[in-house]
file query05.txt (compact mmCIF, C-alpha atoms)
# COMPACT_ATOMS: atom_id res chain seq x y z
CA MET W 1 -32.13 -61.26 7.22
CA MET W 2 -32.54 -58.07 9.20
CA ALA W 3 -32.70 -56.07 5.98
CA ALA W 4 -35.35 -58.40 4.57
CA ALA W 5 -37.40 -58.18 7.77
CA LEU W 6 -37.11 -54.40 7.75
CA SER W 7 -38.20 -54.31 4.12
CA ARG W 8 -41.27 -56.44 4.88
CA ALA W 9 -42.13 -54.30 7.89
CA MET W 10 -41.85 -51.13 5.85
CA GLY W 11 -44.00 -52.68 3.14
CA MET W 12 -46.69 -53.63 5.65
CA PHE W 13 -46.53 -50.18 7.21
CA GLY W 14 -46.82 -48.56 3.80
CA MET W 15 -49.82 -50.72 2.88
CA SER W 16 -51.47 -49.96 6.19
CA LEU W 17 -50.89 -46.26 5.67
CA LEU W 18 -52.21 -46.53 2.13
CA VAL W 19 -55.46 -48.12 3.25
CA THR W 20 -56.06 -45.95 6.32
CA SER W 21 -55.31 -42.67 4.54
CA CYS W 22 -57.95 -43.05 1.84
CA ALA W 23 -60.79 -40.59 1.42
CA ASN W 24 -64.22 -42.03 2.21
CA ALA W 25 -66.28 -43.19 -0.79
CA PRO W 26 -69.75 -44.35 0.33
CA LEU W 27 -71.57 -47.09 -1.57
CA GLU W 28 -74.73 -45.11 -2.19
CA GLN W 29 -77.75 -46.39 -4.11
CA GLY W 30 -78.67 -44.13 -7.00
CA GLY W 31 -81.81 -46.04 -7.99
CA SER W 32 -80.66 -46.94 -11.50
CA LEU W 33 -80.09 -50.67 -10.96
CA THR W 34 -82.83 -53.22 -11.57
CA SER W 35 -82.35 -54.58 -8.03
CA TYR W 36 -79.92 -54.21 -5.15
CA THR W 37 -80.94 -57.30 -3.16
CA ASP W 38 -78.71 -59.84 -4.95
CA LEU W 39 -75.49 -57.81 -4.85
CA GLU W 40 -72.66 -59.46 -2.94
CA PRO W 41 -69.63 -57.75 -1.30
CA ALA W 42 -66.49 -57.95 -3.43
CA ASP W 43 -63.89 -55.48 -2.18
CA GLY W 44 -60.57 -54.84 -3.84
CA MET W 45 -57.39 -53.69 -2.11
CA LEU W 46 -58.59 -50.07 -2.10
CA ALA W 47 -62.02 -50.15 -3.73
CA LYS W 48 -65.22 -51.05 -1.92
CA SER W 49 -67.71 -52.88 -4.10
CA LYS W 50 -70.82 -55.02 -4.37
CA ILE W 51 -71.39 -57.04 -7.51
CA LEU W 52 -73.81 -59.30 -9.36
CA ILE W 53 -72.62 -61.56 -12.19
CA HIS W 54 -74.64 -64.01 -14.28
CA LYS W 55 -71.56 -65.58 -15.80
CA ASP W 56 -73.17 -67.63 -18.58
CA GLN W 57 -75.21 -64.66 -19.75
CA VAL W 58 -72.20 -62.35 -19.67
CA LEU W 59 -69.87 -64.70 -21.54
CA ALA W 60 -72.52 -65.47 -24.18
CA ALA W 61 -72.59 -61.80 -25.19
CA ARG W 62 -70.66 -60.76 -28.29
CA THR W 63 -71.71 -57.12 -28.71
CA VAL W 64 -72.16 -54.24 -26.28
CA ARG W 65 -73.33 -50.65 -26.43
CA ILE W 66 -72.54 -47.94 -23.89
CA VAL W 67 -75.09 -45.39 -22.75
CA PRO W 68 -73.24 -42.24 -21.57
CA THR W 69 -72.67 -41.94 -17.82
CA VAL W 70 -74.77 -39.46 -15.86
CA PHE W 71 -74.58 -37.95 -12.37
CA ALA W 72 -77.26 -38.62 -9.78
CA ALA W 73 -78.71 -35.45 -8.30
CA GLY W 74 -77.00 -36.05 -4.96
CA ALA W 75 -73.58 -36.32 -6.60
CA GLN W 76 -73.55 -32.79 -8.00
CA ASN W 77 -71.53 -31.17 -5.22
CA GLU W 78 -70.63 -27.50 -5.10
CA GLY W 79 -67.11 -26.60 -6.13
CA ILE W 80 -67.17 -28.90 -9.16
CA SER W 81 -68.28 -27.37 -12.45
CA ASP W 82 -70.52 -28.92 -15.08
CA GLU W 83 -67.53 -29.07 -17.41
CA GLN W 84 -65.52 -31.01 -14.82
CA ARG W 85 -68.39 -33.43 -14.25
CA LYS W 86 -68.65 -33.90 -18.00
CA LEU W 87 -64.93 -34.67 -18.18
CA VAL W 88 -65.17 -37.27 -15.39
CA ALA W 89 -68.25 -38.93 -16.91
CA ASN W 90 -66.57 -39.11 -20.29
CA ALA W 91 -63.40 -40.58 -18.75
CA ILE W 92 -65.55 -43.32 -17.19
CA ASP W 93 -67.17 -44.17 -20.53
CA ARG W 94 -63.87 -44.09 -22.40
CA SER W 95 -62.23 -46.44 -19.90
CA ILE W 96 -65.18 -48.85 -20.02
CA CYS W 97 -65.12 -48.78 -23.82
CA PHE W 98 -61.41 -49.53 -24.04
CA GLY W 99 -61.70 -52.34 -21.48
CA LEU W 100 -64.76 -54.01 -23.03
CA SER W 101 -63.04 -53.99 -26.42
CA ASP W 102 -60.72 -56.74 -25.18
CA ARG W 103 -63.50 -59.30 -25.78
CA LEU W 104 -66.67 -57.62 -26.98
CA GLU W 105 -67.50 -55.67 -30.13
CA VAL W 106 -68.54 -52.16 -29.08
CA VAL W 107 -71.34 -50.78 -31.26
CA PRO W 108 -72.84 -47.26 -31.31
CA ALA W 109 -75.40 -46.49 -28.61
CA SER W 110 -78.10 -46.20 -31.29
CA GLN W 111 -77.67 -49.85 -32.36
CA PRO W 112 -79.00 -53.00 -30.66
CA ALA W 113 -76.51 -55.19 -28.80
CA ASP W 114 -76.32 -58.28 -26.61
CA LEU W 115 -75.57 -56.05 -23.61
CA THR W 116 -76.33 -52.43 -22.82
CA VAL W 117 -74.04 -50.80 -20.25
CA HIS W 118 -74.88 -47.71 -18.25
CA ALA W 119 -73.19 -46.11 -15.24
CA VAL W 120 -74.37 -43.47 -12.77
CA VAL W 121 -72.08 -41.43 -10.51
CA THR W 122 -73.66 -41.51 -7.06
CA HIS W 123 -71.04 -39.60 -5.04
CA MET W 124 -68.08 -37.38 -5.85
CA ASP W 125 -65.93 -35.43 -3.42
CA ALA W 126 -63.84 -32.56 -4.74
CA THR W 127 -60.07 -32.48 -4.45
CA ASP W 128 -58.59 -29.66 -2.37
CA GLU W 129 -56.49 -27.83 -4.96
CA LYS W 130 -54.49 -25.91 -2.34
CA ALA W 131 -53.50 -29.11 -0.54
CA VAL W 132 -52.34 -30.67 -3.82
CA ALA W 133 -50.36 -27.54 -4.67
CA ALA W 134 -48.65 -27.69 -1.26
CA THR W 135 -47.73 -31.34 -1.90
CA LYS W 136 -46.21 -30.44 -5.27
CA ILE W 137 -44.17 -27.66 -3.64
CA ALA W 138 -42.90 -30.14 -1.03
CA SER W 139 -41.97 -32.56 -3.81
CA VAL W 140 -39.94 -29.88 -5.58
CA ALA W 141 -38.22 -28.97 -2.29
CA LYS W 142 -37.30 -32.62 -1.71
CA THR W 143 -35.81 -32.82 -5.19
CA VAL W 144 -33.66 -29.76 -4.50
CA LEU W 145 -32.59 -30.77 -0.99
CA LEU W 146 -32.18 -34.51 -1.63
CA PRO W 147 -31.26 -34.87 -5.29
CA GLY W 148 -31.14 -38.46 -6.47
CA VAL W 149 -32.71 -39.85 -3.30
CA PRO W 150 -35.90 -41.84 -4.16
CA VAL W 151 -38.02 -40.65 -1.25
CA PRO W 152 -41.75 -40.38 -2.07
CA THR W 153 -43.61 -37.24 -1.05
CA PRO W 154 -46.95 -38.22 0.52
CA ARG W 155 -49.94 -36.00 -0.09
CA LEU W 156 -51.36 -33.98 2.75
CA PRO W 157 -54.12 -36.10 4.34
CA ILE W 158 -56.74 -33.41 3.75
CA GLY W 159 -58.98 -32.64 0.83
CA LEU W 160 -58.63 -36.06 -0.82
CA GLY W 161 -61.24 -36.63 -3.52
CA SER W 162 -63.40 -39.69 -4.04
CA LEU W 163 -65.75 -41.28 -6.56
CA SER W 164 -68.67 -43.70 -6.19
CA LEU W 165 -70.70 -45.27 -8.96
CA GLU W 166 -73.22 -47.93 -9.81
CA ALA W 167 -73.37 -49.60 -13.20
CA GLU W 168 -75.33 -52.35 -14.86
CA ALA W 169 -75.17 -54.46 -18.03
CA ARG W 170 -78.61 -55.45 -19.30
CA SER W 171 -79.81 -57.86 -21.95
CA PRO W 172 -82.16 -56.63 -24.71
CA ASP W 173 -85.18 -57.71 -22.64
CA GLY W 174 -84.02 -55.62 -19.69
CA ARG W 175 -82.70 -58.43 -17.49
CA PRO W 176 -79.50 -57.61 -15.58
CA ALA W 177 -76.50 -59.68 -16.68
CA ALA W 178 -74.11 -57.96 -14.29
CA ALA W 179 -74.10 -55.03 -11.89
CA MET W 180 -71.62 -53.23 -9.68
CA VAL W 181 -71.82 -50.66 -6.90
CA TRP W 182 -68.32 -49.25 -6.43
CA GLY W 183 -66.51 -46.60 -4.42
CA GLN W 184 -62.90 -45.55 -3.92
CA GLY W 185 -61.15 -42.57 -2.42
CA ALA W 186 -57.80 -41.03 -3.22
CA ASN W 187 -55.00 -41.75 -0.77
CA MET W 188 -51.76 -40.18 0.41
CA LEU W 189 -49.33 -42.47 -1.39
CA SER W 190 -50.76 -43.28 -4.82
CA GLY W 191 -52.37 -41.39 -7.65
CA SER W 192 -51.11 -38.44 -9.64
CA ALA W 193 -52.50 -35.62 -7.40
CA ARG W 194 -53.73 -32.99 -9.85
CA VAL W 195 -54.43 -29.36 -9.01
CA SER W 196 -58.09 -29.55 -9.95
CA ALA W 197 -61.31 -29.99 -8.00
CA ALA W 198 -62.03 -32.98 -10.27
CA GLY W 199 -58.45 -34.31 -10.22
CA ASP W 200 -58.90 -37.37 -8.00
CA ALA W 201 -62.30 -38.29 -9.45
CA TYR W 202 -60.81 -38.08 -12.96
CA ASP W 203 -58.06 -40.57 -12.06
CA LEU W 204 -60.51 -42.86 -10.23
CA ALA W 205 -62.79 -42.85 -13.29
CA SER W 206 -60.28 -45.03 -15.13
CA THR W 207 -59.90 -47.32 -12.13
CA PHE W 208 -63.65 -47.96 -12.07
CA GLY W 209 -63.75 -48.44 -15.83
CA ASP W 210 -61.01 -51.06 -15.58
CA ASP W 211 -62.79 -52.94 -12.75
CA PHE W 212 -66.24 -52.92 -14.35
CA SER W 213 -65.06 -53.84 -17.84
CA LYS W 214 -62.87 -56.67 -16.45
CA MET W 215 -65.97 -58.13 -14.81
CA LEU W 216 -67.80 -58.22 -18.14
CA VAL W 217 -64.80 -59.51 -20.10
CA THR W 218 -64.07 -62.40 -17.72
CA GLY W 219 -67.46 -63.05 -16.15
CA GLU W 220 -65.66 -63.15 -12.80
CA ASN W 221 -65.13 -61.03 -9.70
CA PRO W 222 -62.55 -58.52 -11.03
CA PHE W 223 -60.78 -58.31 -7.66
CA LYS W 224 -60.00 -62.02 -7.37
CA SER W 225 -56.94 -61.95 -9.60
CA LEU W 226 -54.41 -59.50 -10.95
CA SER W 227 -54.83 -58.31 -14.51
CA GLY W 228 -52.26 -59.34 -17.08
CA PRO W 229 -50.64 -56.94 -19.52
CA PRO W 230 -53.20 -55.15 -21.72
CA PRO W 231 -53.52 -56.18 -25.37
CA ALA W 232 -51.58 -54.15 -27.94
CA GLU W 233 -54.81 -52.59 -29.27
CA ARG W 234 -55.72 -51.25 -25.82
CA ILE W 235 -52.20 -49.88 -25.32
CA GLN W 236 -52.61 -48.05 -28.62
CA SER W 237 -55.90 -46.55 -27.41
CA LEU W 238 -54.48 -45.58 -24.00
CA THR W 239 -51.56 -43.77 -25.62
CA GLY W 240 -53.86 -41.59 -27.72
CA GLY W 241 -54.16 -43.75 -30.82
CA ALA W 242 -57.31 -44.93 -32.56
CA PRO W 243 -59.49 -47.29 -30.50
CA LYS W 244 -60.15 -50.86 -31.60
CA PHE W 245 -63.78 -50.00 -32.40
CA ALA W 246 -64.93 -46.74 -33.96
CA ALA W 247 -67.84 -46.54 -31.49
CA CYS W 248 -65.31 -45.65 -28.76
CA ASP W 249 -64.30 -42.52 -30.66
CA VAL W 250 -67.49 -40.81 -29.45
CA PHE W 251 -65.68 -40.49 -26.09
CA GLY W 252 -62.64 -38.84 -27.65
CA ARG W 253 -59.04 -39.97 -27.73
CA ALA W 254 -57.03 -40.56 -24.56
CA PRO W 255 -54.58 -37.74 -23.71
CA GLY W 256 -51.66 -40.15 -24.17
CA PHE W 257 -48.15 -38.93 -23.40
CA ASN W 258 -49.30 -35.35 -22.72
CA GLY W 259 -51.79 -36.63 -20.19
CA LEU W 260 -49.14 -38.74 -18.49
CA VAL W 261 -46.77 -35.80 -18.16
CA SER W 262 -49.51 -33.49 -16.93
CA GLY W 263 -50.43 -36.03 -14.26
CA VAL W 264 -46.84 -36.25 -13.03
CA VAL W 265 -46.54 -32.47 -12.65
CA GLY W 266 -50.05 -32.16 -11.20
CA ALA W 267 -51.64 -30.17 -14.03
CA PRO W 268 -55.45 -30.22 -14.23
CA PRO W 269 -56.87 -32.91 -16.55
CA GLU W 270 -58.86 -30.15 -18.25
CA TRP W 271 -55.63 -28.96 -19.86
CA THR W 272 -54.92 -32.11 -21.84
CA ASP W 273 -58.13 -34.14 -22.07
CA LYS W 274 -60.36 -32.78 -24.82
CA GLY W 275 -63.21 -35.03 -23.74
CA SER W 276 -66.05 -35.58 -26.17
CA ASP W 277 -67.65 -32.84 -28.20
CA ALA W 278 -70.77 -34.97 -28.40
CA ALA W 279 -71.13 -35.31 -24.62
CA SER W 280 -73.84 -33.25 -22.97
CA THR W 281 -73.92 -32.17 -19.35
CA PRO W 282 -74.05 -35.54 -17.53
CA SER W 283 -76.91 -34.98 -15.13
CA ALA W 284 -80.17 -36.85 -15.50
CA ALA W 285 -82.57 -39.10 -13.72
CA PRO W 286 -81.59 -42.78 -13.49
CA PRO W 287 -82.57 -44.68 -16.66
CA ALA W 288 -85.48 -47.05 -16.78
CA ALA W 289 -84.81 -50.70 -17.55
CA GLN W 290 -84.18 -51.27 -21.24
call {"tool": "encode", "arguments": {"input": "query05.txt", "output": "structure tokens"}}
result
Amino acid sequence: MMAAALSRAMGMFGMSLLVTSCANAPLEQGGSLTSYTDLEPADGMLAKSKILIHKDQVLAARTVRIVPTVFAAGAQNEGISDEQRKLVANAIDRSICFGLSDRLEVVPASQPADLTVHAVVTHMDATDEKAVAATKIASVAKTVLLPGVPVPTPRLPIGLGSLSLEAEARSPDGRPAAAMVWGQGANMLSGSARVSAAGDAYDLASTFGDDFSKMLVTGENPFKSLSGPPPAERIQSLTGGAPKFAACDVFGRAPGFNGLVSGVVGAPPEWTDKGSDAASTPSAAPPAAQ
């Protein structure tokens, strides 16, 4: 009983530390949504979010097209290159595409669809590469000094990156079917901690893509329930195989096993993710309603 109580206490302490050691990710308005007045708070365990869902309209959709993600002017911080921003934007689109494929047919951006999805990065904090490198050195030292002992090595609580976005799914007449304003910061205990200024934002890109696409697949608040195991076709895409729909190939193939290994050792995502050759520098004014 004492062991069980200690385990629960440690779990609660770890969760408290996880939440309190997150980088700040403000829910900024980038001006790309049709309206912000009807958004309702819908926070996840780590993510902060406001959402709008017209469930009947969302579930009636059968096809979707994805307009490439752009960065709002205020999100283009110094220390992050255009190439790194392009990589993050493309990772967002790829994750959304893979997630939406679970229920919807993804068509090329040039074709009409029941829903048009577009995301805008409104805030992005760079990762402190030196702090990540120090964490990796500490992890190696722990492995040498305590071989075989499963003790996690927390990241230094400085220089944690963050990512904030807003995204909307619109019908052909421009009416919003769903919208999300979302923000999450890296934390000390989770994430792969990559030695790259865009490392945390790159990992958080997939987290946002999962949350936003789940909302459109289910028509529900994505934070209300845990996700089940992904379909076999999505697993194939995530491991670097061909996506379910050819339209997702415009965002390139996932790094697969090489990307997983590089994340574990802390290598920059630029080393393994080839991104999309078709993607341009993702900085533009917010889109007008379509």
call {"tool": "closest_residue", "arguments": {"input": "query05.txt", "among": "W:Gly199, W:Val70, W:Gln29, W:Phe98", "to": "Gly241 of chain W", "atoms": "only C-alpha atoms"}}
result
W:Phe98
call {"tool": "atom_distance", "arguments": {"input": "query05.txt", "atom1": "atom CA of Ala167 of chain W", "atom2": "atom CA of Leu87 of chain W"}}
result
17.9 Å
call {"tool": "atom_distance", "arguments": {"input": "query05.txt", "atom1": "atom CA of Met180 of chain W", "atom2": "atom CA of Pro231 of chain W"}}
result
24.1 Å
call {"tool": "atom_distance", "arguments": {"input": "query05.txt", "atom1": "atom CA of Ile51 of chain W", "atom2": "atom CA of Gly99 of chain W"}}
result
17.6 Å
call {"tool": "residues_around", "arguments": {"input": "query05.txt", "residues": "Asp43 of chain W", "least_positions_apart": "4", "cutoff": "12 Å", "atoms": "only C-alpha atoms", "output": "list of chain:residue names"}}
result
W:Leu27, W:Ala47, W:Lys48, W:Ser49, W:Lys50, W:Ile51, W:Met180, W:Val181, W:Trp182, W:Gly183, W:Gln184, W:Asp211, W:Asn221, W:Pro222, W:Phe223, W:Lys224
call {"tool": "closest_residue", "arguments": {"input": "query05.txt", "among": "W:Asp114, W:Asp173, W:Asp210, W:Asp203", "to": "Ala60 of chain W", "atoms": "only C-alpha atoms"}}
result
W:Asp114
call {"tool": "closest_residue", "arguments": {"input": "query05.txt", "among": "W:Thr218, W:Ser162, W:Ser206, W:Thr239", "to": "Pro26 of chain W", "atoms": "all atoms listed in the file"}}
result
W:Ser162
call {"tool": "closest_residue", "arguments": {"input": "query05.txt", "among": "W:Leu226, W:Ala193, W:Ala242, W:Ala205", "to": "Val132 of chain W", "atoms": "only C-alpha atoms"}}
result
W:Ala193
call {"tool": "closest_residue", "arguments": {"input": "query05.txt", "among": "W:Arg170, W:Arg175, W:Arg194, W:Lys86", "to": "Ala133 of chain W", "atoms": "only C-alpha atoms"}}
result
W:Arg194
call {"tool": "closest_residue", "arguments": {"input": "query05.txt", "among": "W:Pro157, W:Gly79, W:Pro176, W:Gly74", "to": "Leu39 of chain W", "atoms": "only C-alpha atoms"}}
result
W:Pro176
call {"tool": "residues_around", "arguments": {"input": "query05.txt", "residues": "Asn77 of chain W", "least_positions_apart": "3", "cutoff": "12 Å", "atoms": "all atoms listed in the file", "output": "mmCIF file with C-alpha atoms, in the coordinates of the input"}}
result
data_model
loop_
_atom_site.group_PDB
_atom_site.id
_atom_site.type_symbol
_atom_site.label_atom_id
_atom_site.label_comp_id
_atom_site.auth_asym_id
_atom_site.auth_seq_id
_atom_site.Cartn_x
_atom_site.Cartn_y
_atom_site.Cartn_z
ATOM 1 C CA PHE W 71 -74.580 -37.950 -12.370
ATOM 2 C CA ALA W 72 -77.260 -38.620 -9.780
ATOM 3 C CA ALA W 73 -78.710 -35.450 -8.300
ATOM 4 C CA GLY W 74 -77.000 -36.050 -4.960
ATOM 5 C CA ILE W 80 -67.170 -28.900 -9.160
ATOM 6 C CA SER W 81 -68.280 -27.370 -12.450
ATOM 7 C CA ASP W 82 -70.520 -28.920 -15.080
ATOM 8 C CA GLN W 84 -65.520 -31.010 -14.820
ATOM 9 C CA ARG W 85 -68.390 -33.430 -14.250
ATOM 10 C CA VAL W 121 -72.080 -41.430 -10.510
ATOM 11 C CA THR W 122 -73.660 -41.510 -7.060
ATOM 12 C CA HIS W 123 -71.040 -39.600 -5.040
ATOM 13 C CA MET W 124 -68.080 -37.380 -5.850
ATOM 14 C CA ASP W 125 -65.930 -35.430 -3.420
ATOM 15 C CA ALA W 126 -63.840 -32.560 -4.740
ATOM 16 C CA THR W 127 -60.070 -32.480 -4.450
ATOM 17 C CA GLY W 161 -61.240 -36.630 -3.520
ATOM 18 C CA SER W 162 -63.400 -39.690 -4.040
ATOM 19 C CA LEU W 163 -65.750 -41.280 -6.560
ATOM 20 C CA ALA W 197 -61.310 -29.990 -8.000
ATOM 21 C CA ALA W 198 -62.030 -32.980 -10.270
ATOM 22 C CA SER W 283 -76.910 -34.980 -15.130
#
